[in-house]
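> Next comes my_file.pdb, PDB, C-alpha atoms:
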```
ATOM      1  CA  MET A   1     -52.828 -85.535 -11.302
ATOM      2  CA  ALA A   2     -52.693 -82.731 -13.848
ATOM      3  CA  GLU A   3     -49.286 -81.826 -15.242
ATOM      4  CA  THR A   4     -47.632 -78.972 -13.343
ATOM      5  CA  TRP A   5     -45.237 -77.702 -15.995
ATOM      6  CA  SER A   6     -47.393 -77.574 -19.117
ATOM      7  CA  ASP A   7     -46.520 -75.970 -22.436
ATOM      8  CA  LEU A   8     -47.322 -72.252 -22.027
ATOM      9  CA  ASP A   9     -46.438 -71.129 -25.558
ATOM     10  CA  VAL A  10     -48.848 -68.230 -26.069
ATOM     11  CA  GLY A  11     -49.280 -69.227 -29.690
ATOM     12  CA  THR A  12     -51.445 -72.143 -28.525
ATOM     13  CA  TRP A  13     -53.778 -70.044 -26.335
ATOM     14  CA  ALA A  14     -53.338 -66.461 -27.525
ATOM     15  CA  GLY A  15     -56.999 -65.465 -27.349
ATOM     16  CA  THR A  16     -57.470 -66.887 -23.877
ATOM     17  CA  LYS A  17     -54.246 -65.336 -22.620
ATOM     18  CA  ARG A  18     -55.385 -61.970 -23.948
ATOM     19  CA  SER A  19     -58.721 -62.245 -22.142
ATOM     20  CA  LEU A  20     -57.095 -63.402 -18.890
ATOM     21  CA  HIS A  21     -54.583 -60.557 -19.104
ATOM     22  CA  LEU A  22     -57.268 -57.920 -19.649
ATOM     23  CA  TYR A  23     -59.481 -59.312 -16.880
ATOM     24  CA  SER A  24     -56.477 -59.157 -14.527
ATOM     25  CA  GLN A  25     -55.957 -55.533 -15.540
ATOM     26  CA  MET A  26     -59.542 -54.769 -14.534
ATOM     27  CA  LEU A  27     -58.874 -56.233 -11.078
ATOM     28  CA  GLY A  28     -55.546 -54.439 -10.841
ATOM     29  CA  LYS A  29     -57.151 -51.114 -11.669
ATOM     30  CA  ILE A  30     -59.676 -51.657  -8.866
ATOM     31  CA  ARG A  31     -56.819 -52.158  -6.433
ATOM     32  CA  LEU A  32     -54.933 -49.154  -7.795
ATOM     33  CA  ALA A  33     -58.011 -46.935  -7.476
ATOM     34  CA  LEU A  34     -58.868 -47.896  -3.897
ATOM     35  CA  SER A  35     -55.601 -48.750  -2.129
ATOM     36  CA  PRO A  36     -53.482 -46.312  -0.098
ATOM     37  CA  PRO A  37     -50.193 -45.592  -1.914
ATOM     38  CA  GLN A  38     -47.085 -47.561  -0.981
ATOM     39  CA  PRO A  39     -43.455 -47.299  -2.168
ATOM     40  CA  ASN A  40     -42.443 -48.990  -5.407
ATOM     41  CA  TRP A  41     -46.075 -49.402  -6.556
ATOM     42  CA  MET A  42     -46.662 -52.109  -3.965
ATOM     43  CA  PHE A  43     -50.279 -51.003  -3.684
ATOM     44  CA  THR A  44     -51.009 -52.091  -7.265
ATOM     45  CA  PRO A  45     -50.136 -55.773  -7.953
ATOM     46  CA  LEU A  46     -52.335 -58.820  -7.729
ATOM     47  CA  TYR A  47     -51.516 -62.011  -5.864
ATOM     48  CA  LEU A  48     -52.031 -65.714  -6.372
ATOM     49  CA  ASN A  49     -54.330 -67.573  -4.020
ATOM     50  CA  ALA A  50     -55.505 -71.185  -4.038
ATOM     51  CA  ARG A  51     -58.170 -70.478  -6.652
ATOM     52  CA  GLY A  52     -56.633 -67.871  -8.941
ATOM     53  CA  LEU A  53     -55.878 -64.160  -8.719
ATOM     54  CA  THR A  54     -56.839 -61.741  -5.995
ATOM     55  CA  THR A  55     -56.411 -58.096  -5.157
ATOM     56  CA  GLY A  56     -56.050 -59.114  -1.526
ATOM     57  CA  PHE A  57     -57.303 -56.904   1.281
ATOM     58  CA  ILE A  58     -58.253 -53.387   0.100
ATOM     59  CA  PRO A  59     -59.319 -50.867   2.782
ATOM     60  CA  TYR A  60     -62.685 -49.314   2.027
ATOM     61  CA  GLY A  61     -63.738 -46.815   4.646
ATOM     62  CA  ARG A  62     -63.977 -48.805   7.885
ATOM     63  CA  GLU A  63     -64.437 -52.001   5.917
ATOM     64  CA  SER A  64     -62.553 -53.806   3.196
ATOM     65  CA  VAL A  65     -63.183 -55.125  -0.283
ATOM     66  CA  GLU A  66     -61.521 -57.852  -2.331
ATOM     67  CA  ALA A  67     -61.781 -58.845  -5.979
ATOM     68  CA  VAL A  68     -60.967 -62.421  -7.024
ATOM     69  CA  LEU A  69     -60.674 -64.104 -10.406
ATOM     70  CA  ASP A  70     -61.488 -67.763  -9.741
ATOM     71  CA  VAL A  71     -59.861 -69.919 -12.427
ATOM     72  CA  PHE A  72     -61.888 -72.992 -11.417
ATOM     73  CA  ASP A  73     -65.320 -71.359 -11.426
ATOM     74  CA  SER A  74     -64.412 -68.997 -14.316
ATOM     75  CA  ARG A  75     -65.833 -66.113 -12.366
ATOM     76  CA  ILE A  76     -64.818 -62.719 -10.973
ATOM     77  CA  SER A  77     -66.171 -62.052  -7.490
ATOM     78  CA  ILE A  78     -66.295 -58.815  -5.533
ATOM     79  CA  VAL A  79     -66.538 -59.376  -1.775
ATOM     80  CA  ARG A  80     -67.023 -56.870   1.034
ATOM     81  CA  SER A  81     -66.138 -57.397   4.684
ATOM     82  CA  ASP A  82     -69.783 -56.881   5.661
ATOM     83  CA  GLY A  83     -70.507 -60.261   4.081
ATOM     84  CA  THR A  84     -71.999 -59.057   0.796
ATOM     85  CA  SER A  85     -70.664 -60.329  -2.515
ATOM     86  CA  ILE A  86     -71.466 -60.232  -6.196
ATOM     87  CA  GLY A  87     -70.021 -62.011  -9.216
ATOM     88  CA  VAL A  88     -69.399 -61.778 -12.941
ATOM     89  CA  ALA A  89     -69.359 -65.038 -14.911
ATOM     90  CA  LEU A  90     -66.640 -65.429 -17.546
ATOM     91  CA  LEU A  91     -68.512 -68.243 -19.281
ATOM     92  CA  PRO A  92     -70.197 -68.396 -21.684
ATOM     93  CA  VAL A  93     -67.508 -66.342 -23.401
ATOM     94  CA  ARG A  94     -68.409 -62.720 -24.004
ATOM     95  CA  THR A  95     -66.575 -59.682 -25.280
ATOM     96  CA  VAL A  96     -64.152 -57.706 -23.127
ATOM     97  CA  ALA A  97     -66.652 -54.836 -23.208
ATOM     98  CA  ASP A  98     -69.394 -57.097 -21.840
ATOM     99  CA  VAL A  99     -67.236 -58.314 -18.941
ATOM    100  CA  TYR A 100     -66.067 -54.777 -18.167
ATOM    101  CA  GLY A 101     -69.632 -53.491 -18.201
ATOM    102  CA  GLU A 102     -70.840 -56.238 -15.881
ATOM    103  CA  LEU A 103     -67.892 -55.707 -13.534
ATOM    104  CA  SER A 104     -68.598 -51.971 -13.368
ATOM    105  CA  ALA A 105     -72.252 -52.723 -12.635
ATOM    106  CA  ALA A 106     -71.228 -55.264  -9.974
ATOM    107  CA  LEU A 107     -69.144 -52.646  -8.157
ATOM    108  CA  LYS A 108     -72.123 -50.327  -8.090
ATOM    109  CA  GLY A 109     -74.389 -53.181  -7.073
ATOM    110  CA  ILE A 110     -72.275 -53.890  -4.017
ATOM    111  CA  ASP A 111     -72.015 -50.165  -3.262
ATOM    112  CA  VAL A 112     -68.310 -49.788  -4.007
ATOM    113  CA  ALA A 113     -67.540 -46.407  -5.547
ATOM    114  CA  CYS A 114     -64.625 -47.083  -7.874
ATOM    115  CA  ALA A 115     -63.912 -45.219 -11.101
ATOM    116  CA  ILE A 116     -61.208 -46.990 -13.088
ATOM    117  CA  SER A 117     -59.533 -46.203 -16.366
ATOM    118  CA  ALA A 118     -60.810 -48.317 -19.258
ATOM    119  CA  ILE A 119     -57.511 -48.117 -21.155
ATOM    120  CA  PRO A 120     -55.275 -51.229 -20.966
ATOM    121  CA  GLN A 121     -51.698 -50.735 -19.767
ATOM    122  CA  GLU A 122     -48.358 -52.031 -21.117
ATOM    123  CA  VAL A 123     -49.948 -53.857 -24.062
ATOM    124  CA  PRO A 124     -49.676 -53.018 -27.792
ATOM    125  CA  ASP A 125     -53.446 -52.924 -28.289
ATOM    126  CA  ARG A 126     -54.906 -50.191 -26.102
ATOM    127  CA  THR A 127     -58.504 -50.427 -27.234
ATOM    128  CA  PRO A 128     -60.545 -49.294 -24.181
ATOM    129  CA  PHE A 129     -62.295 -52.108 -22.356
ATOM    130  CA  ASP A 130     -65.720 -50.612 -22.909
ATOM    131  CA  GLN A 131     -65.138 -50.391 -26.680
ATOM    132  CA  ASP A 132     -63.589 -53.823 -27.194
ATOM    133  CA  ARG A 133     -66.444 -55.778 -28.762
ATOM    134  CA  ARG A 134     -64.348 -58.158 -30.811
ATOM    135  CA  PRO A 135     -64.987 -61.914 -30.410
ATOM    136  CA  SER A 136     -63.082 -63.230 -27.376
ATOM    137  CA  ASP A 137     -61.732 -66.593 -26.223
ATOM    138  CA  TYR A 138     -61.624 -68.004 -22.709
ATOM    139  CA  ASP A 139     -60.566 -71.632 -22.371
ATOM    140  CA  PRO A 140     -60.620 -72.674 -18.668
ATOM    141  CA  ALA A 141     -58.267 -75.593 -19.372
ATOM    142  CA  ALA A 142     -55.614 -73.254 -20.784
ATOM    143  CA  VAL A 143     -56.032 -70.875 -17.839
ATOM    144  CA  ASN A 144     -55.593 -73.786 -15.442
ATOM    145  CA  ARG A 145     -52.383 -74.849 -17.172
ATOM    146  CA  TRP A 146     -50.979 -71.380 -16.629
ATOM    147  CA  PHE A 147     -52.217 -71.325 -13.033
ATOM    148  CA  ARG A 148     -50.528 -74.633 -12.140
ATOM    149  CA  ALA A 149     -47.181 -73.443 -13.497
ATOM    150  CA  ALA A 150     -47.561 -70.034 -11.840
ATOM    151  CA  THR A 151     -48.426 -71.632  -8.499
ATOM    152  CA  ALA A 152     -45.415 -73.953  -8.616
ATOM    153  CA  THR A 153     -43.185 -71.009  -9.548
ATOM    154  CA  ALA A 154     -44.543 -68.884  -6.697
ATOM    155  CA  ALA A 155     -43.926 -71.739  -4.247
ATOM    156  CA  GLU A 156     -40.272 -71.890  -5.275
ATOM    157  CA  PHE A 157     -39.972 -68.109  -5.032
ATOM    158  CA  ASP A 158     -41.483 -68.195  -1.542
ATOM    159  CA  ARG A 159     -38.980 -70.788  -0.337
ATOM    160  CA  ARG A 160     -36.117 -68.693  -1.690
ATOM    161  CA  ARG A 161     -37.174 -65.448   0.004
ATOM    162  CA  ALA A 162     -37.321 -67.167   3.408
ATOM    163  CA  ARG A 163     -33.601 -66.508   3.971
ATOM    164  CA  PHE A 164     -33.873 -62.792   3.182
ATOM    165  CA  PHE A 165     -34.288 -60.266   6.009
ATOM    166  CA  GLY A 166     -35.411 -57.230   4.038
ATOM    167  CA  ARG A 167     -38.704 -56.245   2.439
ATOM    168  CA  SER A 168     -39.837 -58.795  -0.138
ATOM    169  CA  GLY A 169     -42.924 -59.941  -2.004
ATOM    170  CA  ILE A 170     -44.356 -62.191  -4.711
ATOM    171  CA  GLN A 171     -46.641 -60.266  -7.024
ATOM    172  CA  LEU A 172     -48.545 -60.652 -10.274
ATOM    173  CA  TRP A 173     -47.855 -57.434 -12.155
ATOM    174  CA  TRP A 174     -50.921 -57.053 -14.320
ATOM    175  CA  GLY A 175     -49.352 -54.549 -16.727
ATOM    176  CA  ALA A 176     -47.093 -57.120 -18.387
ATOM    177  CA  PHE A 177     -48.716 -60.124 -16.668
ATOM    178  CA  ASP A 178     -45.504 -61.392 -15.089
ATOM    179  CA  LEU A 179     -45.222 -63.205 -11.768
ATOM    180  CA  ALA A 180     -42.287 -61.779  -9.821
ATOM    181  CA  LEU A 181     -40.251 -62.119  -6.652
ATOM    182  CA  ILE A 182     -38.720 -58.820  -5.516
ATOM    183  CA  LEU A 183     -36.163 -58.372  -2.743
ATOM    184  CA  PHE A 184     -35.319 -54.878  -1.472
ATOM    185  CA  SER A 185     -31.980 -54.327   0.270
ATOM    186  CA  GLY A 186     -33.345 -51.304   2.151
ATOM    187  CA  ARG A 187     -31.150 -48.728   0.429
ATOM    188  CA  ARG A 188     -32.515 -45.906  -1.711
ATOM    189  CA  VAL A 189     -30.963 -45.151  -5.097
ATOM    190  CA  SER A 190     -31.419 -42.552  -7.787
ATOM    191  CA  PRO A 191     -34.053 -43.761 -10.277
ATOM    192  CA  PRO A 192     -33.374 -43.696 -14.024
ATOM    193  CA  THR A 193     -34.369 -40.483 -15.739
ATOM    194  CA  ASP A 194     -35.090 -42.014 -19.147
ATOM    195  CA  ARG A 195     -37.567 -44.770 -18.268
ATOM    196  CA  GLY A 196     -40.843 -42.889 -17.791
ATOM    197  CA  TYR A 197     -43.144 -42.130 -14.872
ATOM    198  CA  ILE A 198     -43.726 -45.710 -13.736
ATOM    199  CA  MET A 199     -40.054 -46.631 -13.523
ATOM    200  CA  ARG A 200     -39.229 -43.422 -11.684
ATOM    201  CA  TYR A 201     -41.097 -44.764  -8.660
ATOM    202  CA  ASP A 202     -40.409 -48.432  -9.327
ATOM    203  CA  LEU A 203     -36.618 -48.151  -9.459
ATOM    204  CA  ASP A 204     -35.816 -45.757  -6.627
ATOM    205  CA  ALA A 205     -34.634 -48.582  -4.374
ATOM    206  CA  GLU A 206     -31.871 -51.170  -4.540
ATOM    207  CA  LEU A 207     -33.527 -54.451  -5.492
ATOM    208  CA  MET A 208     -33.376 -57.873  -7.065
ATOM    209  CA  ASN A 209     -36.225 -58.995  -9.291
ATOM    210  CA  VAL A 210     -36.823 -62.446 -10.773
ATOM    211  CA  GLY A 211     -39.987 -63.576 -12.487
ATOM    212  CA  LEU A 212     -41.893 -65.585 -15.053
ATOM    213  CA  TYR A 213     -42.987 -63.739 -18.194
ATOM    214  CA  LEU A 214     -45.388 -65.400 -20.635
ATOM    215  CA  GLY A 215     -44.150 -63.651 -23.747
ATOM    216  CA  ASP A 216     -46.433 -63.395 -26.773
ATOM    217  CA  GLU A 217     -47.123 -65.157 -30.065
ATOM    218  CA  GLN A 218     -43.605 -64.294 -31.254
ATOM    219  CA  THR A 219     -41.728 -64.692 -27.955
ATOM    220  CA  ALA A 220     -41.600 -67.928 -25.956
ATOM    221  CA  PRO A 221     -42.161 -67.765 -22.173
ATOM    222  CA  PHE A 222     -39.076 -67.191 -20.053
ATOM    223  CA  PHE A 223     -37.837 -66.575 -16.554
ATOM    224  CA  TYR A 224     -35.987 -63.302 -16.099
ATOM    225  CA  GLY A 225     -33.813 -61.775 -13.428
ATOM    226  CA  TYR A 226     -31.977 -58.537 -12.762
ATOM    227  CA  ILE A 227     -30.368 -56.495 -10.016
ATOM    228  CA  PHE A 228     -30.860 -52.742  -9.811
ATOM    229  CA  PRO A 229     -28.666 -50.783  -9.957
ATOM    230  CA  GLU A 230     -27.062 -53.052 -12.509
ATOM    231  CA  PRO A 231     -23.815 -54.428 -11.001
ATOM    232  CA  PRO A 232     -20.496 -53.848 -12.787
ATOM    233  CA  GLY A 233     -19.796 -56.431 -15.459
ATOM    234  CA  ALA A 234     -23.338 -57.814 -15.322
ATOM    235  CA  PRO A 235     -23.241 -59.421 -18.810
ATOM    236  CA  SER A 236     -20.264 -61.592 -17.862
ATOM    237  CA  LEU A 237     -21.326 -62.614 -14.353
ATOM    238  CA  PRO A 238     -21.663 -66.399 -13.871
ATOM    239  CA  ILE A 239     -25.430 -66.885 -13.760
ATOM    240  CA  GLY A 240     -26.764 -70.419 -14.046
ATOM    241  CA  PRO A 241     -27.921 -72.985 -14.687
ATOM    242  CA  PRO A 242     -27.559 -73.489 -18.456
ATOM    243  CA  PRO A 243     -29.039 -72.259 -20.719
ATOM    244  CA  SER A 244     -29.339 -69.052 -18.651
ATOM    245  CA  ALA A 245     -27.862 -66.102 -20.532
ATOM    246  CA  TRP A 246     -27.623 -62.329 -20.464
ATOM    247  CA  SER A 247     -29.984 -60.437 -22.775
ATOM    248  CA  ALA A 248     -28.332 -57.258 -24.052
ATOM    249  CA  GLN A 249     -31.719 -56.046 -25.285
ATOM    250  CA  LEU A 250     -33.514 -56.437 -21.946
ATOM    251  CA  ARG A 251     -30.473 -55.917 -19.690
ATOM    252  CA  GLU A 252     -31.612 -58.996 -17.767
ATOM    253  CA  TRP A 253     -30.629 -62.625 -17.330
ATOM    254  CA  ILE A 254     -32.977 -64.975 -19.160
ATOM    255  CA  LEU A 255     -33.822 -68.643 -18.599
ATOM    256  CA  PRO A 256     -36.224 -70.184 -21.158
ATOM    257  CA  TYR A 257     -39.361 -71.639 -19.585
ATOM    258  CA  GLU A 258     -39.051 -74.611 -21.927
ATOM    259  CA  ALA A 259     -35.691 -75.505 -20.355
ATOM    260  CA  VAL A 260     -37.349 -75.489 -16.946
ATOM    261  CA  ARG A 261     -40.435 -77.501 -17.821
ATOM    262  CA  THR A 262     -38.457 -80.219 -19.641
ATOM    263  CA  ALA A 263     -35.865 -80.583 -16.854
ATOM    264  CA  ASN A 264     -35.843 -83.606 -14.564
ATOM    265  CA  ASP A 265     -36.427 -81.289 -11.593
ATOM    266  CA  PRO A 266     -37.965 -77.976 -12.739
ATOM    267  CA  SER A 267     -38.152 -76.554  -9.207
ATOM    268  CA  ALA A 268     -34.437 -77.148  -8.708
ATOM    269  CA  VAL A 269     -33.645 -75.346 -11.971
ATOM    270  CA  ILE A 270     -35.716 -72.324 -10.929
ATOM    271  CA  GLY A 271     -34.074 -72.380  -7.509
ATOM    272  CA  ALA A 272     -30.584 -72.486  -9.010
ATOM    273  CA  PHE A 273     -31.413 -69.516 -11.255
ATOM    274  CA  VAL A 274     -32.707 -67.462  -8.313
ATOM    275  CA  ASP A 275     -29.774 -68.514  -6.127
ATOM    276  CA  SER A 276     -27.142 -67.501  -8.654
ATOM    277  CA  ILE A 277     -28.637 -64.030  -9.082
ATOM    278  CA  TYR A 278     -29.081 -63.659  -5.314
ATOM    279  CA  ALA A 279     -25.409 -64.527  -4.813
ATOM    280  CA  GLN A 280     -24.418 -61.682  -7.137
ATOM    281  CA  CYS A 281     -26.352 -59.196  -4.996
ATOM    282  CA  PHE A 282     -23.519 -59.646  -2.492
ATOM    283  CA  ALA A 283     -20.612 -60.614  -4.744
ATOM    284  CA  ALA A 284     -21.070 -57.984  -7.474
ATOM    285  CA  ALA A 285     -23.710 -55.459  -6.382
ATOM    286  CA  GLY A 286     -22.263 -54.729  -2.937
ATOM    287  CA  TRP A 287     -25.271 -55.570  -0.780
ATOM    288  CA  ASN A 288     -24.557 -55.903   2.927
ATOM    289  CA  ARG A 289     -24.873 -59.626   3.632
ATOM    290  CA  GLU A 290     -24.992 -59.132   7.394
ATOM    291  CA  ASN A 291     -28.011 -56.821   7.062
ATOM    292  CA  CYS A 292     -29.864 -58.936   4.488
ATOM    293  CA  ALA A 293     -29.203 -62.571   5.358
ATOM    294  CA  TYR A 294     -31.665 -64.447   7.571
ATOM    295  CA  PRO A 295     -30.577 -67.694   9.312
ATOM    296  CA  VAL A 296     -33.654 -69.711   8.351
ATOM    297  CA  PRO A 297     -32.483 -73.213   9.438
ATOM    298  CA  ASN A 298     -31.478 -71.965  12.882
ATOM    299  CA  LEU A 299     -34.619 -69.887  13.176
ATOM    300  CA  LEU A 300     -36.882 -72.836  12.357
ATOM    301  CA  ALA A 301     -35.044 -75.143  14.712
ATOM    302  CA  GLY A 302     -35.339 -72.584  17.499
ATOM    303  CA  ALA A 303     -39.010 -72.037  16.762
ATOM    304  CA  ARG A 304     -39.720 -75.765  16.950
ATOM    305  CA  GLU A 305     -37.891 -76.091  20.249
ATOM    306  CA  GLY A 306     -39.738 -73.062  21.580
ATOM    307  CA  LEU A 307     -43.077 -74.514  20.586
ATOM    308  CA  ARG A 308     -42.261 -77.835  22.237
ATOM    309  CA  SER A 309     -41.426 -76.088  25.485
ATOM    310  CA  GLU A 310     -44.590 -73.999  25.343
ATOM    311  CA  LEU A 311     -46.920 -76.841  24.398
TER     312      LEU A 311
END
```
Represent the structure contained in this file as structure tokens.

Amino acid sequence: MAETWSDLDVGTWAGTKRSLHLYSQMLGKIRLALSPPQPNWMFTPLYLNARGLTTGFIPYGRESVEAVLDVFDSRISIVRSDGTSIGVALLPVRTVADVYGELSAALKGIDVACAISAIPQEVPDRTPFDQDRRPSDYDPAAVNRWFRAATATAAEFDRRRARFFGRSGIQLWWGAFDLALILFSGRRVSPPTDRGYIMRYDLDAELMNVGLYLGDEQTAPFFYGYIFPEPPGAPSLPIGPPPSAWSAQLREWILPYEAVRTANDPSAVIGAFVDSIYAQCFAAAGWNRENCAYPVPNLLAGAREGLRSEL
């Protein structure tokens, strides 16, 4: 069986990570262009599925459309609910401009009217997709290493959100390419006024966010976590497990990915990190535990008994 928690240091797969990131942005921009707006930009992220990344269900008139990046077939597929589909191969490796051009043609070929911006978001290099003709890399083995770690992380996130009653989700945010679990308490708050347009609509609700960020060639991958609004005394709150620490620069708690992948039980380390931040939602941030907590063990036991009686 392939290793789940592989080395994800971007320095070893920088070109491939760049290509994967930009391809995900193309899919994300399709979703952004076609989806009905939702609070907190929840109409924009991508999701993991069993074969890679997907936009999920996107309404399109009386039908729907979905875009999928298949990490096993190295292919982007556009599928409509009338049964038609079309694909763009990622191998042999071509330039970003080539892939973008073929994807745009595929949308037209399947009769999906979708004009998307060609300018990458939240990355230092904002060369438009259609002008990026530099040599590219795309190593399927490296992509699969990332996908295995991301899938295992998402599974742990999903188990943790099971005890939460409020709105929640696990998303791949294609701007920074981070996989995140977000829990919303249900209370509105005043958004920051100094963080730009995106954050104005992202941070207008009380929330907890934890995720896996891949970093770059200078920054090693890490798990992050924060509560918004930031609770009093956040830097000194007891967040574990070691070597979790507060980052004054990011205003977030940080857990190095390397500490997770080299642990005897990586899933338990991730779970402990999420649990400690979740506990501070109630202990330090003042969330209403009665409104947010969900009695999962009792619920599951009741559901099983109910099913036995029905079946």
> Expand the PyMOL selection byres ((chain A and resi 102-105) around 9) into the explicit residue set it covers here, and present it as a list in words.
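Checked against the file, the PyMOL selection byres ((chain A and resi 102-105) around 9) matches Met26, Ile76, Ser77, Ile78, Gly87, Val88, Ala89, Ala97, Asp98, Val99, Tyr100, Gly101, Ala106, Leu107, Lys108, Gly109, Ile110, Cys114, Ala115 and Ile116 of chain A.
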> On this structure, the PyMOL selection byres ((chain A and resi 128-137) around 6) would catch which residues? List them as a list in words, sorted by chain and number.
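Taken on the displayed file, the PyMOL selection byres ((chain A and resi 128-137) around 6) yields the residues Gly15, Thr16, Thr95, Val96, Ala97, Ala118, Ile119, Thr127 and Tyr138 of chain A.
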> Please list as a PyMOL selection string every residue within 9 Å of Ala272 in chain A, counting all atoms listed in the file and excluding residues in the same chain fewer than 5 positions away.
chain A and resi 239-241+267+277
> Please provide the set of residues having any atom within 10 Å of Asp204 in chain A, restricted to all atoms listed in the file, with same-chain residues fewer than 2 positions apart removed, written as a list in words.
Pro39, Asn40, Arg187, Arg188, Val189, Ser190, Pro191, Pro192, Met199, Arg200, Tyr201, Asp202, Glu206, Leu207, Phe228 and Pro229 of chain A
> If you measure from CA of Leu181 in chain A to CA of Tyr213 in chain A, what distance in Å do you get, rounded to one decimal?
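Answer for the CA of Leu181 in chain A to CA of Tyr213 in chain A separation: 12.0 Å.
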> Quick one: apply the PyMOL selection byres ((chain A and resi 246) around 12) to the file and drop the selected residues here as a PyMOL selection string.
chain A and resi 223-226+233-240+242-245+247-256+277
> Sort by chain and increasing residue number a table of all residues of range 48-93 of chain A within 9 Å of range 144-151 of chain A, each with its closest pair of atoms and their distance in Å to one decimal, counting only C-alpha atoms, and write it as a Markdown table.

```
| residue | atom | partner | partner_atom | distance |
| --- | --- | --- | --- | --- |
| A:Leu48 | CA | A:Thr151 | CA | 7.2 |
| A:Asn49 | CA | A:Thr151 | CA | 8.4 |
| A:Ala50 | CA | A:Thr151 | CA | 8.4 |
| A:Arg51 | CA | A:Phe147 | CA | 8.8 |
| A:Gly52 | CA | A:Phe147 | CA | 6.9 |
| A:Val71 | CA | A:Asn144 | CA | 6.5 |
| A:Phe72 | CA | A:Asn144 | CA | 7.5 |
```
> Could you tell me which of A:Val65, A:Leu179, A:Leu90, A:Ala152 comes closest to Leu214 in chain A if we count only C-alpha atoms?
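Closest candidate: A:Leu179.
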> Quick one, how far is CA of Pro221 in chain A from CA of Pro266 in chain A?
14.5 Å
> What separation in Å, quoted to one decimal, exists between CA of Leu212 in chain A and CA of Asn291 in chain A?
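These atoms are spaced 27.5 Å apart.
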> Can you tell me which residues surround Gly215 in chain A at a distance of at most 9 Å, considering only C-alpha atoms, apart from same-chain residues fewer than 3 positions away, and format the answer as a list in words?
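Listed by chain and then number, they are Asp9, Val10, Ala176, Gln218, Thr219, Ala220, Pro221 and Phe222 of chain A.
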> Find the residue from A:Trp173, A:Pro92, A:Ile270, A:Glu290 that sits nearest to Lys29 in chain A; use only C-alpha atoms when measuring.
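Comparing A:Trp173, A:Pro92, A:Ile270, A:Glu290 against Lys29 in chain A, the winner is A:Trp173.
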> Considering all atoms listed in the file, state which residue in the set A:Tyr257, A:Pro124, A:Leu46, A:Gly271 is at the smallest distance from Ala155 in chain A.
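Closest candidate: A:Gly271.
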> For Glu122 in chain A, which residue out of A:Gln171, A:Gln38, A:Leu22, A:Val68 is the nearest one, using all atoms listed in the file?
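Among the listed residues, the smallest separation from Glu122 in chain A belongs to A:Leu22.
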> Range 223-233 of chain A, all listed atoms, 8 Å padding on each side: what axis-aligned box centre and edge lengths in Å to one decimal come out, as JSON?

```
{"center_x": -28.8, "center_y": -58.7, "center_z": -13.2, "size_x": 34.0, "size_y": 31.8, "size_z": 22.7}
```
